[in-house]
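Structure below is entry-v4.csv: CSV, N, CA and C atoms.
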```csv
chain,number,residue,atom,x,y,z
A,1,MET,N,-2.5,23.3,15.8
A,1,MET,CA,-1.9,23.0,14.6
A,1,MET,C,-3.0,22.7,13.6
A,2,PRO,N,-2.9,23.3,12.3
A,2,PRO,CA,-4.0,23.1,11.4
A,2,PRO,C,-4.1,21.6,11.0
A,3,LYS,N,-5.3,21.2,10.6
A,3,LYS,CA,-5.6,19.8,10.3
A,3,LYS,C,-4.6,19.2,9.2
A,4,VAL,N,-4.4,20.0,8.2
A,4,VAL,CA,-3.5,19.5,7.1
A,4,VAL,C,-2.1,19.3,7.7
A,5,ALA,N,-1.6,20.2,8.5
A,5,ALA,CA,-0.3,20.1,9.0
A,5,ALA,C,-0.2,18.9,10.0
A,6,ALA,N,-1.2,18.6,10.7
A,6,ALA,CA,-1.2,17.5,11.6
A,6,ALA,C,-1.1,16.2,10.8
A,7,ARG,N,-1.8,16.1,9.7
A,7,ARG,CA,-1.8,14.9,8.9
A,7,ARG,C,-0.4,14.8,8.2
A,8,ALA,N,0.2,15.9,7.8
A,8,ALA,CA,1.5,15.9,7.2
A,8,ALA,C,2.5,15.4,8.2
A,9,SER,N,2.4,15.8,9.5
A,9,SER,CA,3.4,15.3,10.4
A,9,SER,C,3.2,13.9,10.8
A,10,ARG,N,2.0,13.4,10.7
A,10,ARG,CA,1.7,11.9,10.9
A,10,ARG,C,2.3,11.1,9.8
A,11,LEU,N,2.2,11.5,8.6
A,11,LEU,CA,2.7,10.8,7.5
A,11,LEU,C,4.2,11.0,7.3
A,12,GLY,N,4.7,12.1,7.6
A,12,GLY,CA,6.1,12.4,7.5
A,12,GLY,C,6.5,12.8,6.1
A,13,SER,N,7.8,13.1,5.9
A,13,SER,CA,8.2,13.4,4.6
A,13,SER,C,9.2,12.3,4.2
A,14,ALA,N,9.2,12.0,2.9
A,14,ALA,CA,10.0,10.9,2.4
A,14,ALA,C,11.0,11.4,1.3
A,15,ARG,N,11.6,12.5,1.5
A,15,ARG,CA,12.5,13.1,0.5
A,15,ARG,C,13.8,12.2,0.5
A,16,SER,N,14.1,11.5,1.6
A,16,SER,CA,15.3,10.8,1.6
A,16,SER,C,15.2,9.4,1.0
A,17,VAL,N,14.0,9.0,0.6
A,17,VAL,CA,13.8,7.7,0.1
A,17,VAL,C,13.5,7.8,-1.4
A,18,LEU,N,14.3,7.1,-2.2
A,18,LEU,CA,14.1,7.1,-3.6
A,18,LEU,C,13.7,5.7,-4.1
A,19,ALA,N,12.7,5.6,-5.0
A,19,ALA,CA,12.3,4.3,-5.5
A,19,ALA,C,13.1,4.0,-6.8
A,20,THR,N,13.8,2.9,-6.8
A,20,THR,CA,14.6,2.6,-8.0
A,20,THR,C,13.8,1.9,-9.0
A,21,SER,N,14.3,1.8,-10.2
A,21,SER,CA,13.6,1.2,-11.3
A,21,SER,C,13.3,-0.3,-11.0
A,22,THR,N,14.0,-1.0,-10.1
A,22,THR,CA,13.7,-2.4,-9.8
A,22,THR,C,12.6,-2.5,-8.8
A,23,GLY,N,12.1,-1.4,-8.2
A,23,GLY,CA,11.0,-1.5,-7.2
A,23,GLY,C,11.6,-1.6,-5.8
A,24,ARG,N,12.9,-1.6,-5.6
A,24,ARG,CA,13.5,-1.7,-4.3
A,24,ARG,C,13.7,-0.3,-3.8
A,25,CYS,N,13.8,-0.2,-2.5
A,25,CYS,CA,14.0,1.1,-1.9
A,25,CYS,C,15.5,1.4,-1.8
A,26,ALA,N,15.9,2.6,-2.2
A,26,ALA,CA,17.3,3.0,-1.9
A,26,ALA,C,17.2,4.2,-1.0
A,27,ALA,N,17.7,4.0,0.2
A,27,ALA,CA,17.5,5.1,1.2
A,27,ALA,C,18.8,5.9,1.3
A,28,ALA,N,18.7,7.2,1.3
A,28,ALA,CA,19.8,8.1,1.5
A,28,ALA,C,19.6,8.7,2.8
A,29,GLY,N,20.2,8.1,3.8
A,29,GLY,CA,20.1,8.6,5.2
A,29,GLY,C,18.9,8.0,5.9
A,30,GLY,N,18.2,7.0,5.3
A,30,GLY,CA,17.1,6.3,6.0
A,30,GLY,C,15.8,7.0,5.7
A,31,PRO,N,14.7,6.2,5.7
A,31,PRO,CA,13.4,6.8,5.4
A,31,PRO,C,12.9,7.6,6.6
A,32,ASP,N,12.2,8.7,6.3
A,32,ASP,CA,11.7,9.5,7.4
A,32,ASP,C,10.1,9.5,7.3
A,33,LEU,N,9.6,8.3,7.4
A,33,LEU,CA,8.1,8.2,7.3
A,33,LEU,C,7.6,8.0,8.8
A,34,THR,N,7.2,9.1,9.4
A,34,THR,CA,6.7,9.0,10.7
A,34,THR,C,5.4,8.2,10.9
A,35,LEU,N,4.8,7.9,9.8
A,35,LEU,CA,3.6,7.0,9.8
A,35,LEU,C,4.0,5.7,10.4
A,36,PHE,N,5.2,5.2,10.2
A,36,PHE,CA,5.6,3.9,10.7
A,36,PHE,C,6.3,3.9,12.0
A,37,THR,N,6.3,5.1,12.7
A,37,THR,CA,6.8,5.2,14.1
A,37,THR,C,5.8,5.1,15.1
A,38,SER,N,4.5,5.0,14.8
A,38,SER,CA,3.4,5.0,15.7
A,38,SER,C,3.4,3.7,16.6
A,39,LYS,N,2.8,3.8,17.7
A,39,LYS,CA,2.8,2.7,18.7
A,39,LYS,C,2.0,1.5,18.1
A,40,SER,N,1.0,1.8,17.3
A,40,SER,CA,0.2,0.7,16.6
A,40,SER,C,1.1,-0.1,15.7
A,41,VAL,N,2.0,0.6,14.9
A,41,VAL,CA,2.9,-0.1,14.0
A,41,VAL,C,3.8,-1.0,14.8
A,42,GLN,N,4.4,-0.4,15.9
A,42,GLN,CA,5.4,-1.2,16.7
A,42,GLN,C,4.8,-2.4,17.3
A,43,GLN,N,3.4,-2.4,17.6
A,43,GLN,CA,2.8,-3.5,18.2
A,43,GLN,C,2.2,-4.5,17.1
A,44,GLY,N,2.4,-4.2,15.8
A,44,GLY,CA,1.9,-5.1,14.8
A,44,GLY,C,0.5,-5.0,14.5
A,45,SER,N,-0.1,-3.9,14.8
A,45,SER,CA,-1.6,-3.7,14.6
A,45,SER,C,-1.9,-3.4,13.1
A,46,VAL,N,-3.1,-3.0,12.9
A,46,VAL,CA,-3.6,-2.6,11.5
A,46,VAL,C,-3.9,-1.1,11.6
A,47,ILE,N,-3.4,-0.3,10.7
A,47,ILE,CA,-3.7,1.1,10.7
A,47,ILE,C,-4.4,1.4,9.4
A,48,ARG,N,-5.1,2.6,9.4
A,48,ARG,CA,-5.9,3.0,8.2
A,48,ARG,C,-5.5,4.5,7.9
A,49,ARG,N,-5.3,4.7,6.6
A,49,ARG,CA,-5.0,6.1,6.1
A,49,ARG,C,-5.8,6.3,4.8
A,50,LYS,N,-6.1,7.6,4.6
A,50,LYS,CA,-6.7,7.9,3.3
A,50,LYS,C,-5.6,7.8,2.2
A,51,ARG,N,-6.0,7.2,1.1
A,51,ARG,CA,-5.1,7.2,-0.1
A,51,ARG,C,-4.7,8.6,-0.5
A,52,ARG,N,-5.6,9.5,-0.5
A,52,ARG,CA,-5.3,10.9,-1.0
A,52,ARG,C,-4.2,11.5,-0.1
A,53,ASP,N,-4.3,11.3,1.2
A,53,ASP,CA,-3.3,11.8,2.1
A,53,ASP,C,-1.9,11.2,1.9
A,54,VAL,N,-1.9,9.9,1.7
A,54,VAL,CA,-0.6,9.3,1.4
A,54,VAL,C,0.0,9.8,0.1
A,55,GLU,N,-0.8,9.9,-0.9
A,55,GLU,CA,-0.3,10.4,-2.2
A,55,GLU,C,0.1,11.9,-2.1
A,56,ARG,N,-0.6,12.6,-1.3
A,56,ARG,CA,-0.3,14.1,-1.1
A,56,ARG,C,1.0,14.3,-0.4
A,57,PHE,N,1.2,13.6,0.8
A,57,PHE,CA,2.3,13.9,1.6
A,57,PHE,C,3.6,13.1,1.4
A,58,VAL,N,3.4,11.9,1.0
A,58,VAL,CA,4.5,11.0,0.8
A,58,VAL,C,4.7,10.6,-0.6
A,59,GLY,N,3.7,10.3,-1.3
A,59,GLY,CA,3.8,9.7,-2.7
A,59,GLY,C,3.5,8.2,-2.6
A,60,MET,N,2.7,7.7,-3.4
A,60,MET,CA,2.3,6.3,-3.3
A,60,MET,C,3.5,5.4,-3.6
A,61,GLU,N,4.3,5.7,-4.6
A,61,GLU,CA,5.5,4.9,-4.9
A,61,GLU,C,6.4,4.7,-3.7
A,62,VAL,N,6.7,5.8,-3.1
A,62,VAL,CA,7.6,5.8,-1.9
A,62,VAL,C,7.0,5.0,-0.8
A,63,PHE,N,5.7,5.2,-0.5
A,63,PHE,CA,5.0,4.6,0.5
A,63,PHE,C,5.0,3.0,0.3
A,64,LEU,N,4.6,2.6,-0.9
A,64,LEU,CA,4.6,1.2,-1.2
A,64,LEU,C,6.0,0.6,-1.1
A,65,CYS,N,7.0,1.3,-1.5
A,65,CYS,CA,8.4,0.8,-1.4
A,65,CYS,C,8.7,0.6,0.1
A,66,GLU,N,8.3,1.5,1.0
A,66,GLU,CA,8.6,1.3,2.4
A,66,GLU,C,7.8,0.2,3.0
A,67,VAL,N,6.6,0.0,2.6
A,67,VAL,CA,5.7,-1.0,3.1
A,67,VAL,C,6.4,-2.4,2.7
A,68,GLU,N,6.8,-2.5,1.5
A,68,GLU,CA,7.4,-3.7,1.0
A,68,GLU,C,8.7,-4.0,1.7
A,69,ARG,N,9.5,-3.0,2.0
A,69,ARG,CA,10.8,-3.1,2.7
A,69,ARG,C,10.6,-3.7,4.1
A,70,ARG,N,9.5,-3.3,4.7
A,70,ARG,CA,9.2,-3.7,6.1
A,70,ARG,C,8.5,-5.1,6.1
A,71,GLY,N,8.1,-5.6,4.9
A,71,GLY,CA,7.4,-6.9,4.9
A,71,GLY,C,5.9,-6.8,5.3
A,72,PHE,N,5.3,-5.6,5.3
A,72,PHE,CA,3.9,-5.4,5.6
A,72,PHE,C,3.1,-5.6,4.4
A,73,ARG,N,1.8,-5.6,4.5
A,73,ARG,CA,0.8,-5.7,3.4
A,73,ARG,C,-0.1,-4.5,3.5
A,74,VAL,N,-0.7,-4.2,2.3
A,74,VAL,CA,-1.6,-3.1,2.2
A,74,VAL,C,-2.8,-3.5,1.4
A,75,ALA,N,-4.0,-3.2,1.8
A,75,ALA,CA,-5.2,-3.4,1.0
A,75,ALA,C,-5.9,-2.0,0.9
A,76,GLU,N,-6.6,-1.9,-0.2
A,76,GLU,CA,-7.3,-0.6,-0.5
A,76,GLU,C,-8.8,-0.9,-0.7
A,77,ASN,N,-9.6,-0.1,-0.1
A,77,ASN,CA,-11.1,-0.2,-0.3
A,77,ASN,C,-11.7,1.2,-0.1
A,78,GLY,N,-12.4,1.7,-1.1
A,78,GLY,CA,-13.1,2.9,-1.0
A,78,GLY,C,-12.2,4.1,-0.7
A,79,GLY,N,-11.0,4.2,-1.2
A,79,GLY,CA,-10.1,5.3,-1.0
A,79,GLY,C,-9.4,5.2,0.4
A,80,GLN,N,-9.5,4.1,1.1
A,80,GLN,CA,-8.8,3.9,2.4
A,80,GLN,C,-7.8,2.8,2.2
A,81,LEU,N,-6.6,3.1,2.8
A,81,LEU,CA,-5.6,2.1,2.8
A,81,LEU,C,-5.5,1.4,4.1
A,82,LEU,N,-5.6,0.1,4.1
A,82,LEU,CA,-5.4,-0.7,5.4
A,82,LEU,C,-4.0,-1.3,5.4
A,83,ILE,N,-3.2,-0.9,6.3
A,83,ILE,CA,-1.9,-1.3,6.4
A,83,ILE,C,-1.8,-2.4,7.5
A,84,PHE,N,-1.4,-3.6,7.2
A,84,PHE,CA,-1.3,-4.7,8.1
A,84,PHE,C,0.2,-4.7,8.5
A,85,CYS,N,0.5,-4.2,9.7
A,85,CYS,CA,1.8,-4.0,10.2
A,85,CYS,C,2.4,-5.2,10.9
A,86,ASN,N,2.3,-6.3,10.2
A,86,ASN,CA,2.9,-7.6,10.7
A,86,ASN,C,3.0,-8.5,9.4
A,87,ARG,N,3.6,-9.6,9.6
A,87,ARG,CA,3.9,-10.5,8.5
A,87,ARG,C,3.0,-11.7,8.5
A,88,ALA,N,2.0,-11.7,9.3
A,88,ALA,CA,1.0,-12.8,9.4
A,88,ALA,C,0.2,-12.9,8.1
A,89,PRO,N,-0.1,-14.2,7.7
A,89,PRO,CA,-0.9,-14.3,6.5
A,89,PRO,C,-2.3,-13.8,6.6
A,90,LEU,N,-2.9,-13.3,5.5
A,90,LEU,CA,-4.2,-12.8,5.5
A,90,LEU,C,-5.2,-13.9,5.1
A,91,ARG,N,-6.4,-13.9,5.7
A,91,ARG,CA,-7.4,-14.9,5.4
A,91,ARG,C,-8.7,-14.2,5.3
A,92,TRP,N,-9.4,-14.2,4.2
A,92,TRP,CA,-10.7,-13.6,4.0
A,92,TRP,C,-11.7,-14.5,4.7
A,93,LEU,N,-12.6,-14.0,5.4
A,93,LEU,CA,-13.6,-14.7,6.1
A,93,LEU,C,-14.9,-14.8,5.3
A,94,THR,N,-15.0,-13.9,4.3
A,94,THR,CA,-16.2,-14.0,3.4
A,94,THR,C,-15.7,-14.1,2.0
A,95,ALA,N,-16.5,-14.7,1.1
A,95,ALA,CA,-16.1,-14.8,-0.3
A,95,ALA,C,-16.5,-13.5,-1.0
A,96,PRO,N,-15.7,-13.2,-2.0
A,96,PRO,CA,-16.0,-12.0,-2.8
A,96,PRO,C,-17.3,-12.2,-3.6
A,97,PRO,N,-18.1,-11.1,-3.8
A,97,PRO,CA,-19.3,-11.2,-4.6
A,97,PRO,C,-19.1,-11.8,-6.0
A,98,PRO,N,-20.0,-12.6,-6.5
A,98,PRO,CA,-19.8,-13.2,-7.8
A,98,PRO,C,-19.8,-12.2,-8.9
A,99,MET,N,-19.0,-12.4,-9.9
A,99,MET,CA,-18.9,-11.4,-11.0
A,99,MET,C,-19.8,-12.0,-12.1
A,100,SER,N,-20.4,-11.1,-12.8
A,100,SER,CA,-21.2,-11.6,-14.0
A,100,SER,C,-20.3,-11.6,-15.2
A,101,LEU,N,-20.7,-12.4,-16.2
A,101,LEU,CA,-19.9,-12.4,-17.5
A,101,LEU,C,-19.8,-11.1,-18.1
A,102,LYS,N,-20.8,-10.3,-17.9
A,102,LYS,CA,-20.8,-8.9,-18.5
A,102,LYS,C,-19.6,-8.1,-17.9
A,103,ASP,N,-19.4,-8.2,-16.5
A,103,ASP,CA,-18.4,-7.5,-15.9
A,103,ASP,C,-17.0,-8.0,-16.3
A,104,ILE,N,-16.9,-9.3,-16.5
A,104,ILE,CA,-15.6,-9.9,-16.8
A,104,ILE,C,-15.2,-9.6,-18.2
A,105,GLY,N,-16.1,-9.7,-19.2
A,105,GLY,CA,-15.8,-9.4,-20.6
A,105,GLY,C,-15.4,-10.7,-21.3
A,106,PRO,N,-15.3,-10.6,-22.6
A,106,PRO,CA,-15.0,-11.8,-23.4
A,106,PRO,C,-13.5,-12.2,-23.1
A,107,LYS,N,-13.3,-13.5,-23.1
A,107,LYS,CA,-12.0,-14.1,-22.9
A,107,LYS,C,-11.5,-14.8,-24.2
A,108,SER,N,-10.2,-14.8,-24.4
A,108,SER,CA,-9.7,-15.6,-25.5
A,108,SER,C,-8.4,-16.3,-25.0
A,109,PHE,N,-7.9,-17.2,-25.8
A,109,PHE,CA,-6.7,-17.9,-25.4
A,109,PHE,C,-5.5,-17.0,-25.3
A,110,GLU,N,-5.5,-15.9,-26.0
A,110,GLU,CA,-4.5,-14.9,-25.9
A,110,GLU,C,-4.4,-14.2,-24.5
A,111,ASP,N,-5.5,-14.2,-23.8
A,111,ASP,CA,-5.5,-13.6,-22.5
A,111,ASP,C,-4.7,-14.4,-21.5
A,112,PHE,N,-4.5,-15.7,-21.8
A,112,PHE,CA,-3.8,-16.6,-20.9
A,112,PHE,C,-2.4,-17.0,-21.5
A,113,GLY,N,-2.1,-16.4,-22.6
A,113,GLY,CA,-0.8,-16.6,-23.2
A,113,GLY,C,-0.6,-18.0,-23.9
A,114,THR,N,-1.7,-18.6,-24.2
A,114,THR,CA,-1.6,-19.9,-24.9
A,114,THR,C,-2.5,-19.9,-26.2
A,115,ARG,N,-2.2,-20.9,-27.0
A,115,ARG,CA,-3.0,-21.0,-28.2
A,115,ARG,C,-3.6,-22.4,-28.2
A,116,PRO,N,-4.8,-22.5,-28.8
A,116,PRO,CA,-5.4,-23.9,-28.9
A,116,PRO,C,-4.6,-24.8,-29.8
A,117,PRO,N,-4.6,-26.1,-29.5
A,117,PRO,CA,-3.8,-27.1,-30.3
A,117,PRO,C,-4.3,-27.2,-31.7
```
Structure translated into structure tokens:
Amino acid sequence: MPKVAARASRLGSARSVLATSTGRCAAAGGPDLTLFTSKSVQQGSVIRRKRRDVERFVGMEVFLCEVERRGFRVAENGGQLLIFCNRAPLRWLTAPPPMSLKDIGPKSFEDFGTRPP
């Protein structure tokens, strides 16, 4: 089986899932995302997929809709999606690198939706 076809079969097709304007999933016949039928998902593990592949074979909107429907969480780093296939809380063990004021940019009260007294 060609490499692209193998990835397509792992991710599945999601023609039966429509994302509504409220961000909730409306399934017509149930979702057909074979990504979520793997043994790792059933055991509550963490799986990794390329963002490009998810966008290409399923569509990011449909994918995120299904992740939300299942109560899972997704993190992205460097074009990779980490899918936490359980509902356990996430805890970072390291602090994020400090940001400089140049990276943050100027702030005003309007950014926070308030005005000074």
Need to verify the contact set: A:Cys85, 6.5 Å, only N, CA and C atoms, exclusion of same-chain residues closer than 6 positions in sequence. Can you return it as a list in words?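 Counting only the stated atoms, we get Val41, Gln43, Gly44, Ser45, Val46, Ile47, Phe72 and Arg73 of chain A.
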Between atom C of A:Arg87 and atom N of A:Arg70, measure the distance and give it in Å to one decimal.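 A separation of 11.3 Å between them.
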Using only C-alpha atoms, pick whichever of A:Val54, A:Leu93, A:Val67, A:Met99 has the shortest atom-to-atom distance to A:Gln80.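 Smallest distance to A:Gln80 is found for A:Val54.
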Atom C of A:Arg56 to atom N of A:Ala88: how many Å, to one decimal? 27.8 Å
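Coordinates place atom CA of A:Glu66 at a distance of 12.5 Å from atom CA of A:Thr37.
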